[in-house]
file my_file_0.pdb (PDB, C-alpha atoms)
ATOM      1  CA  MET A   1       0.000   0.000   0.000
ATOM      2  CA  SER A   2       1.296   3.436  -0.934
ATOM      3  CA  LEU A   3       2.334   5.599   2.022
ATOM      4  CA  ARG A   4       2.816   9.363   1.924
ATOM      5  CA  ALA A   5       3.532  11.946   4.613
ATOM      6  CA  LYS A   6       0.804  14.579   4.432
ATOM      7  CA  ILE A   7       0.670  18.004   6.066
ATOM      8  CA  THR A   8      -2.735  18.062   7.738
ATOM      9  CA  GLY A   9      -2.477  21.233   9.795
ATOM     10  CA  THR A  10      -0.525  24.483   9.872
ATOM     11  CA  GLY A  11      -0.141  27.225  12.468
ATOM     12  CA  MET A  12       1.939  30.307  13.204
ATOM     13  CA  TYR A  13       2.393  32.821  15.977
ATOM     14  CA  VAL A  14       4.291  36.093  16.392
ATOM     15  CA  PRO A  15       4.549  38.279  19.514
ATOM     16  CA  ASP A  16       2.276  41.314  19.771
ATOM     17  CA  ARG A  17       5.095  43.856  19.858
ATOM     18  CA  VAL A  18       5.659  45.387  16.401
ATOM     19  CA  VAL A  19       9.012  47.090  15.758
ATOM     20  CA  THR A  20       9.080  49.389  12.735
ATOM     21  CA  ASN A  21      12.060  50.523  10.724
ATOM     22  CA  GLY A  22      11.466  53.977  12.170
ATOM     23  CA  GLU A  23      11.965  52.648  15.690
ATOM     24  CA  LEU A  24      15.259  51.035  14.701
ATOM     25  CA  SER A  25      16.414  54.291  13.133
ATOM     26  CA  LYS A  26      16.295  55.815  16.627
ATOM     27  CA  LEU A  27      18.755  53.186  17.871
ATOM     28  CA  MET A  28      21.219  53.127  14.983
ATOM     29  CA  ASP A  29      22.233  55.039  11.876
ATOM     30  CA  THR A  30      19.639  53.685   9.472
ATOM     31  CA  SER A  31      16.305  54.670   7.939
ATOM     32  CA  ASP A  32      13.062  53.176   6.740
ATOM     33  CA  GLU A  33      14.058  53.960   3.148
ATOM     34  CA  TRP A  34      17.468  52.287   3.522
ATOM     35  CA  ILE A  35      16.033  49.110   5.065
ATOM     36  CA  GLN A  36      13.166  48.755   2.597
ATOM     37  CA  LYS A  37      15.388  49.369  -0.409
ATOM     38  CA  ARG A  38      17.913  46.701   0.579
ATOM     39  CA  THR A  39      15.690  44.106   2.241
ATOM     40  CA  GLY A  40      12.004  44.804   1.603
ATOM     41  CA  ILE A  41      11.341  44.755   5.358
ATOM     42  CA  VAL A  42       8.908  47.285   6.837
ATOM     43  CA  GLU A  43       8.466  45.882  10.344
ATOM     44  CA  ARG A  44       9.118  42.846  12.500
ATOM     45  CA  HIS A  45       7.880  41.434  15.827
ATOM     46  CA  TYR A  46       9.857  41.175  19.080
ATOM     47  CA  ILE A  47       8.990  39.274  22.232
ATOM     48  CA  GLU A  48       7.897  41.100  25.369
ATOM     49  CA  PRO A  49       9.639  40.624  28.734
ATOM     50  CA  GLY A  50       8.662  37.236  30.121
ATOM     51  CA  GLN A  51       8.013  35.599  26.742
ATOM     52  CA  GLN A  52      10.275  32.730  25.702
ATOM     53  CA  PRO A  53      10.781  30.722  22.508
ATOM     54  CA  ALA A  54       8.713  27.776  23.735
ATOM     55  CA  ASP A  55       5.767  30.109  24.313
ATOM     56  CA  LEU A  56       5.793  31.091  20.636
ATOM     57  CA  ALA A  57       6.223  27.474  19.560
ATOM     58  CA  HIS A  58       3.353  26.432  21.838
ATOM     59  CA  GLU A  59       0.882  28.871  20.299
ATOM     60  CA  ALA A  60       1.870  27.928  16.745
ATOM     61  CA  SER A  61       1.618  24.225  17.595
ATOM     62  CA  LEU A  62      -1.837  24.530  19.128
ATOM     63  CA  ARG A  63      -3.067  26.257  15.979
ATOM     64  CA  ALA A  64      -1.558  23.572  13.751
ATOM     65  CA  LEU A  65      -3.081  20.815  15.884
ATOM     66  CA  ALA A  66      -6.489  22.500  15.812
ATOM     67  CA  ALA A  67      -6.286  22.763  12.016
ATOM     68  CA  ALA A  68      -5.514  19.032  11.881
ATOM     69  CA  ASN A  69      -8.396  18.265  14.288
ATOM     70  CA  LEU A  70      -5.975  16.665  16.719
ATOM     71  CA  ASP A  71      -5.186  16.928  20.408
ATOM     72  CA  PRO A  72      -1.584  17.293  21.589
ATOM     73  CA  THR A  73      -1.692  13.740  22.965
ATOM     74  CA  ASP A  74      -2.280  12.446  19.413
ATOM     75  CA  ILE A  75       1.287  13.432  18.452
ATOM     76  CA  ASP A  76       3.929  10.683  18.346
ATOM     77  CA  CYS A  77       7.033  12.887  18.086
ATOM     78  CA  ILE A  78       8.073  16.558  18.136
ATOM     79  CA  ILE A  79      10.888  18.010  16.014
ATOM     80  CA  LEU A  80      11.748  21.655  16.615
ATOM     81  CA  ALA A  81      14.098  23.533  14.295
ATOM     82  CA  THR A  82      15.848  26.583  15.728
ATOM     83  CA  LEU A  83      19.095  28.549  15.815
ATOM     84  CA  SER A  84      18.063  30.522  18.919
ATOM     85  CA  PRO A  85      17.484  27.907  21.635
ATOM     86  CA  GLN A  86      15.743  28.832  24.865
ATOM     87  CA  ALA A  87      18.608  27.325  26.864
ATOM     88  CA  ASP A  88      22.036  25.897  26.081
ATOM     89  CA  PHE A  89      20.480  22.570  27.003
ATOM     90  CA  PRO A  90      18.018  20.951  26.941
ATOM     91  CA  GLY A  91      16.552  21.963  23.602
ATOM     92  CA  THR A  92      13.532  24.214  23.185
ATOM     93  CA  SER A  93      11.537  21.145  22.130
ATOM     94  CA  PHE A  94      11.584  19.854  25.707
ATOM     95  CA  PHE A  95      10.025  23.047  27.043
ATOM     96  CA  LEU A  96       7.441  22.838  24.246
ATOM     97  CA  GLN A  97       6.770  19.189  25.025
ATOM     98  CA  ASP A  98       6.044  20.137  28.631
ATOM     99  CA  LEU A  99       3.713  22.993  27.629
ATOM    100  CA  LEU A 100       1.795  20.677  25.321
ATOM    101  CA  ASP A 101       1.547  18.084  28.113
ATOM    102  CA  VAL A 102       2.111  15.125  25.785
ATOM    103  CA  GLY A 103       3.430  12.697  28.375
ATOM    104  CA  GLU A 104       6.505  10.836  27.203
ATOM    105  CA  ALA A 105       6.341  11.609  23.477
ATOM    106  CA  PRO A 106       9.913  11.990  22.174
ATOM    107  CA  CYS A 107      11.185  15.390  21.155
ATOM    108  CA  PHE A 108      14.408  16.938  19.928
ATOM    109  CA  ASP A 109      15.862  20.120  18.445
ATOM    110  CA  LEU A 110      17.350  20.258  14.964
ATOM    111  CA  ARG A 111      19.922  22.925  14.100
ATOM    112  CA  ALA A 112      20.134  23.722  10.409
ATOM    113  CA  GLN A 113      19.488  27.451  10.808
ATOM    114  CA  CYS A 114      17.334  29.049   8.090
ATOM    115  CA  SER A 115      17.038  25.660   6.361
ATOM    116  CA  GLY A 116      15.998  24.013   9.604
ATOM    117  CA  PHE A 117      12.316  23.605   8.826
ATOM    118  CA  VAL A 118      12.829  21.675   5.583
ATOM    119  CA  TYR A 119      15.559  19.588   7.233
ATOM    120  CA  ALA A 120      13.096  18.798  10.043
ATOM    121  CA  LEU A 121      10.383  18.046   7.517
ATOM    122  CA  ALA A 122      12.735  15.551   5.831
ATOM    123  CA  VAL A 123      13.434  13.817   9.149
ATOM    124  CA  ALA A 124       9.723  13.619   9.953
ATOM    125  CA  ASN A 125       9.063  12.285   6.464
ATOM    126  CA  GLY A 126      11.609   9.538   7.089
ATOM    127  CA  PHE A 127      10.016   8.624  10.414
ATOM    128  CA  ILE A 128       6.627   8.260   8.752
ATOM    129  CA  HIS A 129       7.886   6.278   5.761
ATOM    130  CA  SER A 130       9.730   3.916   8.105
ATOM    131  CA  ARG A 131       6.444   3.533  10.024
ATOM    132  CA  MET A 132       8.184   4.473  13.268
ATOM    133  CA  TYR A 133       5.695   7.304  13.846
ATOM    134  CA  ARG A 134       2.366   8.183  12.241
ATOM    135  CA  ARG A 135       1.969  11.775  13.443
ATOM    136  CA  VAL A 136       4.878  14.184  13.825
ATOM    137  CA  LEU A 137       4.713  17.816  14.930
ATOM    138  CA  VAL A 138       7.331  19.859  13.059
ATOM    139  CA  VAL A 139       8.046  23.336  14.421
ATOM    140  CA  GLY A 140      10.287  26.235  13.438
ATOM    141  CA  CYS A 141      10.810  28.759  16.226
ATOM    142  CA  GLU A 142      13.123  31.741  16.610
ATOM    143  CA  VAL A 143      13.712  34.589  19.050
ATOM    144  CA  HIS A 144      16.328  36.822  17.455
ATOM    145  CA  SER A 145      15.555  40.069  19.249
ATOM    146  CA  THR A 146      17.462  39.148  22.403
ATOM    147  CA  GLY A 147      20.652  38.354  20.484
ATOM    148  CA  ILE A 148      21.178  41.087  17.896
ATOM    149  CA  ASP A 149      23.436  44.144  17.992
ATOM    150  CA  LEU A 150      21.131  47.160  18.010
ATOM    151  CA  SER A 151      23.940  49.633  17.348
ATOM    152  CA  ASP A 152      25.560  51.211  14.296
ATOM    153  CA  GLU A 153      28.119  48.417  14.262
ATOM    154  CA  GLY A 154      25.468  45.719  13.983
ATOM    155  CA  ARG A 155      22.847  47.471  11.882
ATOM    156  CA  ASP A 156      23.371  45.538   8.623
ATOM    157  CA  VAL A 157      22.363  42.302  10.349
ATOM    158  CA  ALA A 158      20.090  43.545  13.129
ATOM    159  CA  VAL A 159      17.494  45.105  10.822
ATOM    160  CA  LEU A 160      16.889  41.744   9.146
ATOM    161  CA  PHE A 161      15.578  39.658  12.005
ATOM    162  CA  GLY A 162      12.307  39.120  13.840
ATOM    163  CA  ASP A 163      10.757  36.678  16.305
ATOM    164  CA  GLY A 164       8.132  34.083  15.425
ATOM    165  CA  ALA A 165       7.120  30.441  15.204
ATOM    166  CA  GLY A 166       5.447  28.216  12.635
ATOM    167  CA  ALA A 167       4.290  24.617  12.925
ATOM    168  CA  VAL A 168       2.859  21.807  10.839
ATOM    169  CA  VAL A 169       1.404  18.414  11.605
ATOM    170  CA  LEU A 170       2.706  15.672   9.334
ATOM    171  CA  GLU A 171       0.605  12.493   9.204
ATOM    172  CA  ALA A 172       0.824   9.150   7.450
ATOM    173  CA  ASN A 173      -1.540   9.030   4.474
ATOM    174  CA  GLU A 174      -2.430   5.592   3.104
ATOM    175  CA  ASP A 175      -5.609   6.638   1.317
ATOM    176  CA  GLU A 176      -5.158   5.662  -2.338
ATOM    177  CA  ALA A 177      -7.819   8.186  -3.329
ATOM    178  CA  ASP A 178      -5.927  11.024  -1.627
ATOM    179  CA  ALA A 179      -2.824  12.156  -3.537
ATOM    180  CA  ALA A 180      -1.806  14.754  -0.939
ATOM    181  CA  GLY A 181       1.632  14.512   0.621
ATOM    182  CA  LEU A 182       5.308  15.333   0.339
ATOM    183  CA  LEU A 183       6.574  14.326  -3.086
ATOM    184  CA  GLU A 184      10.309  15.064  -2.915
ATOM    185  CA  LEU A 185      12.824  16.768  -0.630
ATOM    186  CA  ARG A 186      16.476  17.647  -1.240
ATOM    187  CA  LEU A 187      18.994  18.819   1.360
ATOM    188  CA  HIS A 188      22.496  20.237   0.839
ATOM    189  CA  ALA A 189      25.257  21.779   2.950
ATOM    190  CA  GLU A 190      28.691  23.342   2.508
ATOM    191  CA  GLY A 191      30.497  23.580   5.835
ATOM    192  CA  LYS A 192      33.517  25.384   4.441
ATOM    193  CA  ASN A 193      31.381  28.542   4.559
ATOM    194  CA  ALA A 194      30.259  28.044   8.158
ATOM    195  CA  LYS A 195      32.077  31.159   9.380
ATOM    196  CA  ARG A 196      30.618  33.396   6.682
ATOM    197  CA  LEU A 197      27.338  33.666   8.586
ATOM    198  CA  TRP A 198      27.480  32.705  12.243
ATOM    199  CA  ILE A 199      27.467  33.568  15.927
ATOM    200  CA  GLU A 200      30.785  32.477  17.370
ATOM    201  CA  ALA A 201      30.249  32.837  21.108
ATOM    202  CA  PRO A 202      29.389  31.487  23.560
ATOM    203  CA  GLY A 203      30.899  28.207  22.413
ATOM    204  CA  SER A 204      32.327  25.106  24.049
ATOM    205  CA  GLY A 205      35.521  25.517  22.021
ATOM    206  CA  PHE A 206      36.563  28.519  24.081
ATOM    207  CA  THR A 207      38.709  27.768  27.125
ATOM    208  CA  PRO A 208      38.577  27.879  30.065
ATOM    209  CA  VAL A 209      35.008  29.221  29.786
ATOM    210  CA  ARG A 210      32.499  29.521  26.952
ATOM    211  CA  ILE A 211      32.041  33.272  27.299
ATOM    212  CA  ASN A 212      34.184  35.957  28.904
ATOM    213  CA  THR A 213      34.592  39.718  29.020
ATOM    214  CA  GLU A 214      37.031  39.723  26.099
ATOM    215  CA  LEU A 215      34.587  37.911  23.806
ATOM    216  CA  LEU A 216      31.812  40.290  24.808
ATOM    217  CA  GLU A 217      33.974  43.365  24.231
ATOM    218  CA  GLN A 218      34.893  42.010  20.783
ATOM    219  CA  ARG A 219      31.153  41.580  20.104
ATOM    220  CA  ARG A 220      31.677  37.983  19.047
ATOM    221  CA  HIS A 221      28.378  37.024  20.670
ATOM    222  CA  PHE A 222      26.498  38.924  17.957
ATOM    223  CA  PRO A 223      25.717  37.642  14.428
ATOM    224  CA  TYR A 224      28.392  38.100  11.777
ATOM    225  CA  MET A 225      27.538  37.986   8.087
ATOM    226  CA  GLU A 226      29.405  38.503   4.843
ATOM    227  CA  GLY A 227      26.342  39.897   3.149
ATOM    228  CA  ARG A 228      27.473  40.006  -0.471
ATOM    229  CA  LEU A 229      28.798  36.455  -0.345
ATOM    230  CA  VAL A 230      25.591  35.183   1.240
ATOM    231  CA  PHE A 231      23.519  36.933  -1.428
ATOM    232  CA  LYS A 232      25.653  35.452  -4.225
ATOM    233  CA  HIS A 233      25.397  31.906  -2.887
ATOM    234  CA  ALA A 234      21.685  32.185  -2.111
ATOM    235  CA  VAL A 235      20.693  33.277  -5.611
ATOM    236  CA  THR A 236      22.790  30.433  -7.044
ATOM    237  CA  ARG A 237      21.873  27.562  -4.740
ATOM    238  CA  MET A 238      18.145  28.204  -4.368
ATOM    239  CA  PRO A 239      17.321  27.862  -8.080
ATOM    240  CA  GLU A 240      19.599  24.811  -8.289
ATOM    241  CA  VAL A 241      17.944  22.882  -5.485
ATOM    242  CA  LEU A 242      14.430  23.940  -6.489
ATOM    243  CA  LEU A 243      14.922  22.566 -10.001
ATOM    244  CA  GLU A 244      16.643  19.454  -8.651
ATOM    245  CA  THR A 245      13.679  18.701  -6.407
ATOM    246  CA  LEU A 246      11.085  19.298  -9.101
ATOM    247  CA  GLY A 247      13.061  17.112 -11.490
ATOM    248  CA  ALA A 248      13.148  14.278  -8.960
ATOM    249  CA  ALA A 249       9.356  14.536  -8.739
ATOM    250  CA  SER A 250       9.035  14.605 -12.559
ATOM    251  CA  LEU A 251       7.581  18.097 -12.370
ATOM    252  CA  LYS A 252       8.231  21.350 -14.209
ATOM    253  CA  LEU A 253       8.195  24.913 -12.924
ATOM    254  CA  GLU A 254       4.885  25.583 -14.627
ATOM    255  CA  ASP A 255       3.280  22.666 -12.719
ATOM    256  CA  VAL A 256       3.764  24.427  -9.370
ATOM    257  CA  ASP A 257       0.874  26.543  -8.086
ATOM    258  CA  LEU A 258       2.732  28.359  -5.302
ATOM    259  CA  PHE A 259       6.406  29.011  -4.540
ATOM    260  CA  LEU A 260       7.475  29.713  -0.965
ATOM    261  CA  PHE A 261      11.032  30.931  -0.439
ATOM    262  CA  HIS A 262      12.795  31.429   2.857
ATOM    263  CA  GLN A 263      12.210  35.020   3.969
ATOM    264  CA  ALA A 264      15.784  36.294   4.429
ATOM    265  CA  ASN A 265      15.731  39.215   2.025
ATOM    266  CA  LEU A 266      13.034  40.165  -0.448
ATOM    267  CA  ARG A 267      15.719  41.147  -2.981
ATOM    268  CA  ILE A 268      17.098  37.586  -2.942
ATOM    269  CA  ASN A 269      13.657  36.144  -3.637
ATOM    270  CA  GLU A 270      12.976  38.646  -6.407
ATOM    271  CA  PHE A 271      16.317  37.771  -8.020
ATOM    272  CA  VAL A 272      15.542  34.037  -7.884
ATOM    273  CA  MET A 273      12.067  34.591  -9.293
ATOM    274  CA  GLY A 274      13.560  36.577 -12.156
ATOM    275  CA  GLN A 275      16.149  33.908 -12.900
ATOM    276  CA  LEU A 276      13.517  31.188 -13.081
ATOM    277  CA  GLY A 277      10.815  33.265 -14.735
ATOM    278  CA  ILE A 278       8.349  32.728 -11.888
ATOM    279  CA  PRO A 279       5.419  35.185 -12.153
ATOM    280  CA  PRO A 280       4.850  37.302  -9.014
ATOM    281  CA  GLU A 281       1.336  35.933  -8.534
ATOM    282  CA  LYS A 282       2.817  32.455  -7.961
ATOM    283  CA  CYS A 283       5.119  33.576  -5.152
ATOM    284  CA  LEU A 284       4.106  34.578  -1.628
ATOM    285  CA  ASN A 285       6.283  36.761   0.629
ATOM    286  CA  ASN A 286       5.672  38.033   4.150
ATOM    287  CA  ILE A 287       9.128  39.361   5.062
ATOM    288  CA  GLN A 288       7.648  42.867   4.870
ATOM    289  CA  LYS A 289       5.691  42.148   8.079
ATOM    290  CA  TYR A 290       7.934  39.781  10.003
ATOM    291  CA  GLY A 291      11.529  40.118   8.845
ATOM    292  CA  ASN A 292      13.732  37.024   8.777
ATOM    293  CA  CYS A 293      12.413  34.479  11.276
ATOM    294  CA  SER A 294      14.946  31.848  10.161
ATOM    295  CA  ALA A 295      13.618  28.303  10.768
ATOM    296  CA  ALA A 296      10.142  29.714  11.358
ATOM    297  CA  SER A 297       9.919  31.611   8.062
ATOM    298  CA  ILE A 298       8.669  28.873   5.735
ATOM    299  CA  PRO A 299       6.080  27.341   8.116
ATOM    300  CA  MET A 300       4.782  30.835   8.908
ATOM    301  CA  LEU A 301       4.489  31.556   5.203
ATOM    302  CA  LEU A 302       2.843  28.190   4.600
ATOM    303  CA  ASP A 303       0.237  28.859   7.271
ATOM    304  CA  GLU A 304      -0.591  32.257   5.773
ATOM    305  CA  ALA A 305      -0.908  30.671   2.333
ATOM    306  CA  VAL A 306      -3.374  28.066   3.601
ATOM    307  CA  ARG A 307      -5.480  30.396   5.729
ATOM    308  CA  SER A 308      -5.701  33.065   3.024
ATOM    309  CA  GLY A 309      -6.836  30.536   0.417
ATOM    310  CA  ARG A 310      -3.695  30.902  -1.699
ATOM    311  CA  LEU A 311      -3.034  27.183  -1.272
ATOM    312  CA  GLY A 312      -5.833  24.653  -1.543
ATOM    313  CA  PRO A 313      -6.525  20.950  -2.060
ATOM    314  CA  GLY A 314      -4.814  19.365  -5.050
ATOM    315  CA  GLN A 315      -2.390  22.242  -5.599
ATOM    316  CA  LEU A 316       1.390  21.893  -5.703
ATOM    317  CA  VAL A 317       3.566  23.957  -3.374
ATOM    318  CA  SER A 318       7.345  24.351  -3.549
ATOM    319  CA  MET A 319       9.309  25.363  -0.411
ATOM    320  CA  THR A 320      12.944  26.433  -0.825
ATOM    321  CA  SER A 321      15.517  27.774   1.629
ATOM    322  CA  PHE A 322      19.102  28.953   1.985
ATOM    323  CA  GLY A 323      20.866  29.631   5.248
ATOM    324  CA  SER A 324      23.901  29.576   7.458
ATOM    325  CA  GLY A 325      26.153  26.592   7.232
ATOM    326  CA  PHE A 326      25.856  27.110   4.296
ATOM    327  CA  SER A 327      22.724  25.021   3.838
ATOM    328  CA  TRP A 328      20.094  24.915   1.112
ATOM    329  CA  THR A 329      16.969  22.800   0.679
ATOM    330  CA  SER A 330      13.782  22.369  -1.267
ATOM    331  CA  ALA A 331      10.597  20.359  -0.861
ATOM    332  CA  VAL A 332       7.576  19.937  -3.082
ATOM    333  CA  ALA A 333       4.193  18.763  -1.818
ATOM    334  CA  ARG A 334       0.688  18.224  -3.101
ATOM    335  CA  TRP A 335      -1.888  19.824  -0.841
TER
END

call {"tool": "encode", "arguments": {"input": "my_file_0.pdb", "output": "structure tokens"}}
result
Amino acid sequence: MSLRAKITGTGMYVPDRVVTNGELSKLMDTSDEWIQKRTGIVERHYIEPGQQPADLAHEASLRALAAANLDPTDIDCIILATLSPQADFPGTSFFLQDLLDVGEAPCFDLRAQCSGFVYALAVANGFIHSRMYRRVLVVGCEVHSTGIDLSDEGRDVAVLFGDGAGAVVLEANEDEADAAGLLELRLHAEGKNAKRLWIEAPGSGFTPVRINTELLEQRRHFPYMEGRLVFKHAVTRMPEVLLETLGAASLKLEDVDLFLFHQANLRINEFVMGQLGIPPEKCLNNIQKYGNCSAASIPMLLDEAVRSGRLGPGQLVSMTSFGSGFSWTSAVARW
């Protein structure tokens, strides 16, 4: 009997606090015009005091479970993708697992940065195809606002990021009359570029302690990015992996109803769309409202696509990412 892993529910959540480009311009030498021109971002959301990553993941998960008509206890496993963990250990997934009150269901964090959601989706897909689990909750969750450099020195990176979470429920589908499910996924990485986009400290490689005054004074606990290099690799790798994935599924670009790209920079996505000849009406972006939410970006975008009616039963959706590592991925699914 044919077995497919089908997304049966989506959900997203962002904190209430909206931070505009104008607000950032009061903290650093930047402007709304400068940010929009280079990134397409108008605003982003930051957590309030007392909020933590698992809180965002919890809200997104509850919405995804409700959309799938499931209770938390129906879930067999939780995979949470993040680059901004709530604690050094254990992973954010354990705090989420406790909030969901799912007993002893296994959970773990996956760290593949902005490609984390598709990596996690691939792992969940493998669990389902191996028949180890039938229902897997896949979550992308990020809190960037507490770890960015809101000064002139950090402005090029700081303006990009926001806080948010997105979640999907992936279920085994053995209904021969239902063609919905993940069709193909492709994952790639290139570790030689790991230091081109990273946060170096705190890290267990530093001795005798993971963080010290010197590291803080050198601002090595803030994100570092070689922006032009990242842009160049992103606009090369994303079209490559998208076409590779469609080819593996025996599909063409024109077969796809909706393209979802990781929301790192609107200019990157526009460049990729131009390269591939994808019409604007087939591509959905929300970076204008949320900024780069890393592992949460694609599931947040997917949830908005479903709830707005942009993605419906029988349609094909392509999800493609590029991120730190470097890493790049693509997945194609029938809704």

call {"tool": "residues_near_point", "arguments": {"input": "my_file_0.pdb", "point": "(22.8, 25.5, 24.4)", "cutoff": "12 Å", "atoms": "all atoms listed in the file", "output": "PyMOL selection string"}}
result
chain A and resi 82-92+109+111+201-204+210

call {"tool": "atom_distance", "arguments": {"input": "my_file_0.pdb", "atom1": "CA of Gly40 (chain A)", "atom2": "CA of Thr20 (chain A)"}}
result
12.4 Å

call {"tool": "closest_atom_pairs", "arguments": {"input": "my_file_0.pdb", "of": "region 154-234 of chain A", "to": "region 258-280 of chain A", "cutoff": "8 Å", "atoms": "only C-alpha atoms", "output": "tab-separated table"}}
result
residue	atom	partner	partner_atom	distance
A:Leu160	CA	A:Ala264	CA	7.3
A:Phe231	CA	A:Ile268	CA	6.6
A:Ala234	CA	A:Ile268	CA	7.1

call {"tool": "closest_residue", "arguments": {"input": "my_file_0.pdb", "among": "A:Ala248, A:Ile148, A:Leu24, A:Val256", "to": "Arg219 (chain A)", "atoms": "all atoms listed in the file"}}
result
A:Ile148

call {"tool": "residues_near_point", "arguments": {"input": "my_file_0.pdb", "point": "(12.7, 8.4, 20.0)", "cutoff": "10 Å", "atoms": "all atoms listed in the file", "output": "count of residues only"}}
result
11

call {"tool": "closest_residue", "arguments": {"input": "my_file_0.pdb", "among": "A:Asp156, A:Glu244, A:Glu176, A:Glu226", "to": "Thr320 (chain A)", "atoms": "only C-alpha atoms"}}
result
A:Glu244

call {"tool": "residues_around", "arguments": {"input": "my_file_0.pdb", "residues": "region 188-195 of chain A", "least_positions_apart": "5", "cutoff": "10 Å", "atoms": "all atoms listed in the file", "output": "PyMOL selection string"}}
result
chain A and resi 112+115+119+200+224-226+229-230+237+241+322-330

call {"tool": "atom_distance", "arguments": {"input": "my_file_0.pdb", "atom1": "CA of Leu301 (chain A)", "atom2": "CA of Phe117 (chain A)"}}
result
11.7 Å

call {"tool": "closest_residue", "arguments": {"input": "my_file_0.pdb", "among": "A:Gln52, A:Asp16, A:Gln288, A:Leu121", "to": "Arg38 (chain A)", "atoms": "all atoms listed in the file"}}
result
A:Gln288

call {"tool": "atom_distance", "arguments": {"input": "my_file_0.pdb", "atom1": "CA of Trp34 (chain A)", "atom2": "CA of Gly227 (chain A)"}}
result
15.2 Å

call {"tool": "closest_residue", "arguments": {"input": "my_file_0.pdb", "among": "A:Ala172, A:Ala180, A:Leu243, A:Cys293", "to": "Gln315 (chain A)", "atoms": "all atoms listed in the file"}}
result
A:Ala180

call {"tool": "residues_around", "arguments": {"input": "my_file_0.pdb", "residues": "Ala124 (chain A)", "least_positions_apart": "6", "cutoff": "8 Å", "atoms": "all atoms listed in the file", "output": "count of residues only"}}
result
4

call {"tool": "resolve_selection", "arguments": {"input": "my_file_0.pdb", "expression": "the PyMOL selection byres ((chain A and resi 59) around 9)", "output": "list in words"}}
result
Gly11, Met12, Tyr13, Val14, Ala54, Asp55, Leu56, Ala57, His58, Ala60, Ser61, Leu62, Arg63, Ala64, Ala165 and Gly166 of chain A

call {"tool": "residues_around", "arguments": {"input": "my_file_0.pdb", "residues": "Asp257 (chain A)", "least_positions_apart": "2", "cutoff": "8 Å", "atoms": "only C-alpha atoms", "output": "JSON, numbers by chain"}}
result
{"A": [254, 255, 259, 282, 311, 315, 316, 317]}

call {"tool": "build_atoms", "arguments": {"input": "my_file_0.pdb", "residues": "region 281-285 of chain A", "atoms": "all heavy atoms", "output": "mmCIF file, keeping the file's coordinate frame"}}
result
data_model
loop_
_atom_site.group_PDB
_atom_site.id
_atom_site.type_symbol
_atom_site.label_atom_id
_atom_site.label_comp_id
_atom_site.auth_asym_id
_atom_site.auth_seq_id
_atom_site.Cartn_x
_atom_site.Cartn_y
_atom_site.Cartn_z
ATOM 1 N N GLU A 281 2.570 36.458 -9.130
ATOM 2 C CA GLU A 281 1.336 35.933 -8.534
ATOM 3 C C GLU A 281 1.478 34.494 -8.046
ATOM 4 O O GLU A 281 0.615 33.977 -7.328
ATOM 5 C CB GLU A 281 0.175 36.025 -9.528
ATOM 6 C CG GLU A 281 0.362 35.249 -10.819
ATOM 7 C CD GLU A 281 1.027 36.064 -11.920
ATOM 8 O OE1 GLU A 281 1.670 37.090 -11.600
ATOM 9 O OE2 GLU A 281 0.896 35.660 -13.094
ATOM 10 N N LYS A 282 2.581 33.823 -8.415
ATOM 11 C CA LYS A 282 2.817 32.455 -7.961
ATOM 12 C C LYS A 282 3.776 32.396 -6.777
ATOM 13 O O LYS A 282 4.164 31.298 -6.350
ATOM 14 C CB LYS A 282 3.376 31.600 -9.106
ATOM 15 C CG LYS A 282 2.324 31.069 -10.060
ATOM 16 C CD LYS A 282 2.902 29.952 -10.900
ATOM 17 C CE LYS A 282 1.815 29.221 -11.672
ATOM 18 N NZ LYS A 282 2.332 28.000 -12.322
ATOM 19 N N CYS A 283 4.152 33.529 -6.248
ATOM 20 C CA CYS A 283 5.119 33.576 -5.152
ATOM 21 C C CYS A 283 4.558 34.417 -4.007
ATOM 22 O O CYS A 283 4.071 35.523 -4.226
ATOM 23 C CB CYS A 283 6.444 34.153 -5.646
ATOM 24 S SG CYS A 283 7.762 34.079 -4.435
ATOM 25 N N LEU A 284 4.619 33.875 -2.800
ATOM 26 C CA LEU A 284 4.106 34.578 -1.628
ATOM 27 C C LEU A 284 5.265 34.996 -0.733
ATOM 28 O O LEU A 284 6.155 34.192 -0.443
ATOM 29 C CB LEU A 284 3.152 33.667 -0.848
ATOM 30 C CG LEU A 284 2.450 34.262 0.370
ATOM 31 C CD1 LEU A 284 1.535 35.410 -0.037
ATOM 32 C CD2 LEU A 284 1.648 33.176 1.101
ATOM 33 N N ASN A 285 5.274 36.254 -0.298
ATOM 34 C CA ASN A 285 6.283 36.761 0.629
ATOM 35 C C ASN A 285 5.601 37.439 1.809
ATOM 36 O O ASN A 285 4.555 38.074 1.656
ATOM 37 C CB ASN A 285 7.195 37.779 -0.056
ATOM 38 C CG ASN A 285 8.106 37.144 -1.094
ATOM 39 O OD1 ASN A 285 9.020 36.408 -0.751
ATOM 40 N ND2 ASN A 285 7.845 37.433 -2.366
#
